[in-house]
Amino acid sequence: MSAFELSASTKPHAERASSVASALRELARQPRVWVGGLILLGATALAVFAPWIAPHDPLDQDLLHMLAPPMWARDGSSSYPLGTDGLGRCVLSRAIYGARVALTVAIAAAWGSMLLGSTLALVGGYFGGIVDRLISYVVDLWMSFPPVVLSLILLVGLGTGVDKVILAVVLVDWTRFCRVVRADVLVTRRRDFVLAAQLIGFSHWRTMLREVLPAVVPLMITLFSIEMGIAIVVEATLSFIGLSVPPEITTWGQMLADARNDMQSAVWVLLTPVACIIVTVLACNLLGDGVRVALDPRLRQRVG
Amino acid sequence: MLAIDNLSLSTRIGGQHIDLLRNLSVSLGRGRVLGLVGESGAGKSMIGRIIAGHTPSRFEVTKGRVLFDDTDLLALDRKAWRALLGRRIAFIPQEPLTALNPVLTIGQTFEEHLAHLGIAPNERRALMLQQLDAVHLPKPDDMLHRYPHELSGGQCQRVLIAMAFVANPALIVADEPTTALDVVSQVNVLRLLAEQRRQHDTAMLLITHDLRLAAHVCDDIAVLYAGEQVEYGPAREVLRRSRHPYTWALDQATPDVHGPQRRLSALGGQMPGISALGSMAGCRFASRCPQRLAACEAAPPASIESAPGHWVRCLKPRDVASNSANSACESVAATWQAPGGNASATPLIELRDATLCYTARRGLLGQRKVRNFAVEGLSLKVQPGEFVGIVGESGSGKSSVAKLIVGAEELTGGALLIEGQNRALAGAEVRRLNREHVQMIFQDPHSALNPRRSVYRLLTQAYEADRPAAAMTKRRRAGRAQELLGDVGLPKDTLARFPSQLSGGQKQRVNIGRALCVMPRLIVADEIVSGLDVSVQAQILNLLLELGRRHGIALVLISHDLSVVRYLCSRVVVMQRGKMVEQGKTDEVFSDPQHAYTRLLLSSVPPADPSVAWPPAAGTSH
């Protein structure tokens, strides 16, 4: 190489910066991270403070005001800002309460599949040989099932409930983490600094945690935020067909299923949960995309 | 035929105007060879890119002309320019393997090239066979159906040379054509280039980092430093009577294979990066120049003709008379000698009939086993404090020996004794203590340093391995880090930096410091200077000598570069295809090589004296 190098060392701000701090700075520079993060933060706040924010109890039926239109329509009333559904329940309140299930499932399921998938990927990729082959075979076998069918079978077997939905998503989606993270582990594993750590006397456990794991964490964070979006969609799908949670818990999928009957006359009942799902999933994907660009040094060079 | 006239290439960084190349003027006559010599970052590849019309974005030629057959290439429109490329001007790239499309066969790639040249389809095959035969590739018709990965680097380069010469070009631009190759294939490729050039009467612009190689192969040499042409003249004159202090320093930093041993004098510091160029008003070499004057930093010196055709850009060119005397060097040479070690002590490491063999399974069910010997029947002893060199081409198994010694690979046969104890039989405790005996320095300093660790945490990484990590107090660790910084000659403020903020040479120093942390008795160094520039290489070599003397550390140096091994090591092992072909005292092996392969390796190194004919004619050795 004899071309001039525009090395990072010439940037003044790079002096004495820890890698974590520089990663955070990189994140803050991404508009996608800001947009996605703020939407998700807002949704989380709504879910946590739902009892204080929602105008009504999500299950309260007001049979006098069935299928009331949103407040800006001609017959709308300000007590039901987004109108009511076929049973006279407040659509806004139901949407706010629905965020609770959606976000719980999203965070818990993404966390669970990240832990399970990444641990197996780390162990398999690091040790290689028979361990790696065994884990890879299981992943291959697992991925040969259609994911929707697999989760349906699991839920029929496990029964309903939010915890069951989370378990089902984890059991279906850990393979995604395992595959992708393993590839990254394999690349890192071949870098000389891993061998150097072993020669210096690091145990396998310590090498794995101190040298290999930090290198794959950015990828795991990226996958995590994308997985959140996927989990939201899966949960909505499952509750749409009534396999997810008992009817006394409000979810966006349930709202979709309930709104089907009155779709022709009261479209707002249908559009609200649809919009909720789209916005949240989009926020997850934006966040994931932004994190990927910010933490992937190859992409960062191209952008900066 | 090619004349570059007062050329400047500029860019803007942060609103500042920076001349990447400054006032470059060279000329090249028909059938002659011009060498552009410089270390990485000198801007020499940019010249090739300007001729090819591939100037990187954000850079533009602000001044000067590039005349090819009296037409200014820069004034031509793209189409006329492109028509010249491949036909009148051909290129030979640095990395032969990446230059060939891996999914196309040699024949397909070649044919595409011929189609671009407008050769009729029915003539192509005969022409390809004729060309491949001309570059001495065995079985040309078979070669057409092969893929690049089935060929060696040298063979790929031959294919590219065949493609370059097919259109009978008037000019060949060869950018480091042999850097990625082994010494022996380097000689063959250079010989082939010379032969083809003679046949086609082609001029060549050879871009290289190797001053001595250029002095032998080229008619004229231009030496570049940080984008400035510091010296330009007839090749032998430039090497033998260097007028610019940089050219002289470059030669002084290169170890010899023949002749008397001399201590390398390394230049301090490193070449300024591109962003630093903007603030340098005067001579760009001034900050590293041993004979700098106050006026040097004020304005760029003009190019003066010191002898007919020999131009130098320096206010105070070296006095040629002192070049031959070399008085300063010889006085140092008397006090210096490669570390020999204690011959009577128990060997630190002893390999007895060591064999490393990889078994690959072939066939549908893996029923056929193919055994591949990386190391076969190697015996080697390393005494405390001794510097031993292992040389050989790539694929000779020398890196496998390194892995065996440090325990990254297990022996498949023979024995490895550490201080007289067999490692295979020793308990886990002894094996754990192994690290206090043997440490390794890696070839690629970039890959060997975890980018997420600061220099402080890299240097003292070994302390984190101890079970009761708390026993190591912060203060002791910080103290040790300071000591190590001093040992490897890094400034104090490096501790808080990260590898991405260091230069290649600095990274390699951190790498050495990390290996030193536990004070091993033996360091295994695998090609540790091959990626570094000559002046940085000299710094690292001298550092290793210094550390060996100060701490009594033994070193196993693995290298393809015989001159480096001769400089550092008192004993040398020559390997070929996994087997040891010769072993002995460095002086004896180098002055009187017994094995034909050793002689071949030795004759492949360009000698320091430019009047010796090199590359040697085919078939003769030494």
# chains A, B, ... in the order shown; residues from 1 in each chain; ligands from 1

$ select_by_dssp --residues "segment 349-388 of chain B" --states "strand (DSSP E)" --output "NGL selection string"
:B and (349-362 or 368-382 or 387-388)

$ interface_residues --of "chain B" --to "chain A" --cutoff "7 Å" --atoms "only C-alpha atoms" --output "PyMOL selection string"
chain B and resi 39-46+274+432+435+439+447-450+452+462+465+496-497+500-502

$ closest_residue --among "A:Ser113, A:Thr44, A:Thr237, A:Thr251" --to "Leu171 of chain A" --atoms "only C-alpha atoms"
A:Ser113

$ residues_around --residues "segment 252-261 of chain B" --least-positions-apart "4" --cutoff "10 Å" --atoms "only C-alpha atoms" --output "JSON, numbers by chain"
{"B": [210, 211, 212, 246, 247, 248, 265, 266, 267, 326, 329, 330, 333, 334, 336, 337, 338, 533, 534, 535, 536, 537, 538, 539, 541, 561, 562, 563, 564, 565, 566, 567, 568, 587, 590, 591, 602, 603, 605, 606, 607, 608, 609]}

$ write_last_selection --atoms "C-alpha atoms" --output "PDB file, in the first residue's frame"
ATOM      1  CA  ASP B 210      12.729  -1.219  -2.632  1.00  0.00           C
ATOM      2  CA  LEU B 211      15.549   1.180  -3.477  1.00  0.00           C
ATOM      3  CA  ARG B 212      18.086  -1.555  -4.145  1.00  0.00           C
ATOM      4  CA  TYR B 246      16.670  10.706   2.755  1.00  0.00           C
ATOM      5  CA  THR B 247      17.952   8.486  -0.052  1.00  0.00           C
ATOM      6  CA  TRP B 248      21.071   7.858   1.947  1.00  0.00           C
ATOM      7  CA  SER B 265      21.016   3.591  11.340  1.00  0.00           C
ATOM      8  CA  ALA B 266      17.315   4.158  11.535  1.00  0.00           C
ATOM      9  CA  LEU B 267      15.674   7.492  10.992  1.00  0.00           C
ATOM     10  CA  ASN B 326      31.012   5.113   5.790  1.00  0.00           C
ATOM     11  CA  CYS B 329      28.890   3.167  10.568  1.00  0.00           C
ATOM     12  CA  GLU B 330      32.015   1.134  10.985  1.00  0.00           C
ATOM     13  CA  ALA B 333      29.826  -2.056  13.879  1.00  0.00           C
ATOM     14  CA  ALA B 334      32.788  -2.898  16.060  1.00  0.00           C
ATOM     15  CA  TRP B 336      27.824  -4.851  17.822  1.00  0.00           C
ATOM     16  CA  GLN B 337      27.267  -8.501  17.112  1.00  0.00           C
ATOM     17  CA  ALA B 338      24.202 -10.733  16.796  1.00  0.00           C
ATOM     18  CA  ASP B 533       8.583   0.430   5.780  1.00  0.00           C
ATOM     19  CA  VAL B 534      12.334   0.178   5.585  1.00  0.00           C
ATOM     20  CA  SER B 535      13.072   3.022   7.983  1.00  0.00           C
ATOM     21  CA  VAL B 536      10.541   1.720  10.536  1.00  0.00           C
ATOM     22  CA  GLN B 537      11.822  -1.808  10.027  1.00  0.00           C
ATOM     23  CA  ALA B 538      15.304  -0.663  10.999  1.00  0.00           C
ATOM     24  CA  GLN B 539      13.899   0.928  14.184  1.00  0.00           C
ATOM     25  CA  LEU B 541      15.194  -4.482  14.391  1.00  0.00           C
ATOM     26  CA  ASP B 561      13.836 -11.710   4.236  1.00  0.00           C
ATOM     27  CA  LEU B 562      17.339 -13.101   4.470  1.00  0.00           C
ATOM     28  CA  SER B 563      18.945  -9.754   5.143  1.00  0.00           C
ATOM     29  CA  VAL B 564      16.802  -9.235   8.247  1.00  0.00           C
ATOM     30  CA  VAL B 565      17.743 -12.670   9.560  1.00  0.00           C
ATOM     31  CA  ARG B 566      21.408 -12.020   8.884  1.00  0.00           C
ATOM     32  CA  TYR B 567      21.237  -8.745  10.758  1.00  0.00           C
ATOM     33  CA  LEU B 568      19.613 -10.139  13.891  1.00  0.00           C
ATOM     34  CA  ASP B 587      28.000 -16.157   8.883  1.00  0.00           C
ATOM     35  CA  PHE B 590      25.525 -16.921   4.242  1.00  0.00           C
ATOM     36  CA  SER B 591      29.145 -16.956   3.133  1.00  0.00           C
ATOM     37  CA  LEU B 602      20.679 -15.823  -1.384  1.00  0.00           C
ATOM     38  CA  SER B 603      20.998 -14.969  -5.046  1.00  0.00           C
ATOM     39  CA  VAL B 605      18.195 -10.768  -2.796  1.00  0.00           C
ATOM     40  CA  PRO B 606      19.242  -7.604  -4.640  1.00  0.00           C
ATOM     41  CA  PRO B 607      22.826  -6.846  -3.573  1.00  0.00           C
ATOM     42  CA  ALA B 608      23.818  -3.529  -2.078  1.00  0.00           C
ATOM     43  CA  ASP B 609      26.378  -2.817  -4.770  1.00  0.00           C
TER      44      ASP B 609
END

$ residues_around --residues "His200 of chain B" --least-positions-apart "5" --cutoff "9 Å" --atoms "only C-alpha atoms" --output "list in words"
Gly31, Phe165, Asn168, Pro169, Ala170 and Glu195 of chain B

$ write_last_selection --atoms "N, CA and C atoms" --output "short mmCIF file (atom, residue, chain, number, x, y, z; two decimals), in the first residue's frame"
data_model
loop_
_atom_site.label_atom_id
_atom_site.label_comp_id
_atom_site.auth_asym_id
_atom_site.auth_seq_id
_atom_site.Cartn_x
_atom_site.Cartn_y
_atom_site.Cartn_z
N GLY B 31 11.81 2.41 -24.37
CA GLY B 31 12.54 1.21 -24.00
C GLY B 31 13.33 1.30 -22.70
N PHE B 165 1.36 -7.29 -22.16
CA PHE B 165 2.23 -7.13 -23.33
C PHE B 165 1.54 -7.49 -24.64
N ASN B 168 1.32 -4.98 -27.39
CA ASN B 168 2.54 -4.30 -27.77
C ASN B 168 2.56 -2.85 -27.28
N PRO B 169 2.39 -2.63 -26.01
CA PRO B 169 2.26 -1.25 -25.52
C PRO B 169 3.61 -0.53 -25.57
N ALA B 170 3.54 0.77 -25.59
CA ALA B 170 4.77 1.56 -25.58
C ALA B 170 5.23 1.79 -24.14
N GLU B 195 12.87 -9.48 -20.03
CA GLU B 195 12.88 -10.20 -21.31
C GLU B 195 11.78 -9.69 -22.25
#

$ residues_around --residues "segment 118-133 of chain A" --least-positions-apart "4" --cutoff "12 Å" --atoms "only C-alpha atoms" --output "ChimeraX atom specification"
/A:110-114,137-140,173-191,194-195,204-209,211-217,219-221,223-224

$ residues_around --residues "Gly35 of chain B" --least-positions-apart "4" --cutoff "9 Å" --atoms "only C-alpha atoms" --output "PDB file with N, CA and C atoms, in the first residue's frame"
ATOM      1  N   MET B 204       9.143   1.161 -19.189  1.00  0.00           N
ATOM      2  CA  MET B 204       8.423   0.745 -17.983  1.00  0.00           C
ATOM      3  C   MET B 204       8.583   1.780 -16.874  1.00  0.00           C
ATOM      4  N   LEU B 205       7.458   2.029 -16.213  1.00  0.00           N
ATOM      5  CA  LEU B 205       7.481   2.856 -15.004  1.00  0.00           C
ATOM      6  C   LEU B 205       7.296   1.898 -13.847  1.00  0.00           C
ATOM      7  N   LEU B 206       8.338   1.690 -13.066  1.00  0.00           N
ATOM      8  CA  LEU B 206       8.291   0.711 -11.983  1.00  0.00           C
ATOM      9  C   LEU B 206       8.120   1.450 -10.658  1.00  0.00           C
ATOM     10  N   ILE B 207       7.008   1.154 -10.002  1.00  0.00           N
ATOM     11  CA  ILE B 207       6.741   1.784  -8.709  1.00  0.00           C
ATOM     12  C   ILE B 207       7.118   0.777  -7.635  1.00  0.00           C
ATOM     13  N   THR B 208       8.012   1.129  -6.747  1.00  0.00           N
ATOM     14  CA  THR B 208       8.468   0.155  -5.760  1.00  0.00           C
ATOM     15  C   THR B 208       8.911   0.853  -4.477  1.00  0.00           C
ATOM     16  N   LEU B 211      14.564   0.344  -2.782  1.00  0.00           N
ATOM     17  CA  LEU B 211      15.549   1.180  -3.477  1.00  0.00           C
ATOM     18  C   LEU B 211      16.589   0.325  -4.197  1.00  0.00           C
ATOM     19  N   ALA B 214      15.216  -1.343  -7.263  1.00  0.00           N
ATOM     20  CA  ALA B 214      15.062  -0.348  -8.324  1.00  0.00           C
ATOM     21  C   ALA B 214      16.418  -0.020  -8.948  1.00  0.00           C
ATOM     22  N   ALA B 215      17.451   0.076  -8.112  1.00  0.00           N
ATOM     23  CA  ALA B 215      18.762   0.435  -8.633  1.00  0.00           C
ATOM     24  C   ALA B 215      19.273  -0.604  -9.613  1.00  0.00           C
ATOM     25  N   VAL B 217      17.202  -2.783 -11.427  1.00  0.00           N
ATOM     26  CA  VAL B 217      16.290  -3.029 -12.541  1.00  0.00           C
ATOM     27  C   VAL B 217      16.134  -1.790 -13.427  1.00  0.00           C
ATOM     28  N   CYS B 218      16.273  -0.593 -12.843  1.00  0.00           N
ATOM     29  CA  CYS B 218      15.906   0.615 -13.579  1.00  0.00           C
ATOM     30  C   CYS B 218      17.118   1.305 -14.186  1.00  0.00           C
ATOM     31  N   ASP B 219      16.829   2.149 -15.163  1.00  0.00           N
ATOM     32  CA  ASP B 219      17.860   3.020 -15.720  1.00  0.00           C
ATOM     33  C   ASP B 219      17.942   4.310 -14.916  1.00  0.00           C
ATOM     34  N   ASP B 220      16.766   4.846 -14.575  1.00  0.00           N
ATOM     35  CA  ASP B 220      16.724   6.063 -13.778  1.00  0.00           C
ATOM     36  C   ASP B 220      15.833   5.830 -12.564  1.00  0.00           C
ATOM     37  N   ILE B 221      16.094   6.614 -11.524  1.00  0.00           N
ATOM     38  CA  ILE B 221      15.293   6.482 -10.302  1.00  0.00           C
ATOM     39  C   ILE B 221      14.851   7.869  -9.847  1.00  0.00           C
ATOM     40  N   ALA B 222      13.584   7.952  -9.459  1.00  0.00           N
ATOM     41  CA  ALA B 222      13.135   9.153  -8.762  1.00  0.00           C
ATOM     42  C   ALA B 222      12.739   8.718  -7.359  1.00  0.00           C
ATOM     43  N   VAL B 223      13.303   9.365  -6.349  1.00  0.00           N
ATOM     44  CA  VAL B 223      12.976   9.017  -4.968  1.00  0.00           C
ATOM     45  C   VAL B 223      11.942  10.014  -4.461  1.00  0.00           C
ATOM     46  N   ALA B 235      20.145   5.400 -12.111  1.00  0.00           N
ATOM     47  CA  ALA B 235      19.895   4.490 -11.000  1.00  0.00           C
ATOM     48  C   ALA B 235      21.139   4.237 -10.155  1.00  0.00           C
TER      49      ALA B 235
END

$ select_by_dssp --residues "segment 450-592 of chain B" --states "alpha helix (DSSP H)" --output "count of residues only"
64

$ atom_distance --atom1 "atom CA of Gln270 of chain B" --atom2 "atom CA of Pro56 of chain B"
24.1 Å

$ residues_around --residues "segment 79-87 of chain A" --least-positions-apart "4" --cutoff "7 Å" --atoms "only C-alpha atoms" --output "JSON, numbers by chain"
{"A": [61, 63, 66, 67, 68, 69, 70, 71, 91, 92, 269]}

$ closest_residue --among "B:Lys492, B:Lys79, B:Arg480, B:Arg198" --to "Gly513 of chain B" --atoms "only C-alpha atoms"
B:Arg480

$ atom_distance --atom1 "atom CA of Val375 of chain B" --atom2 "atom CA of Thr598 of chain B"
18.0 Å

$ atom_distance --atom1 "atom CA of Val401 of chain B" --atom2 "atom CA of Val572 of chain B"
13.7 Å
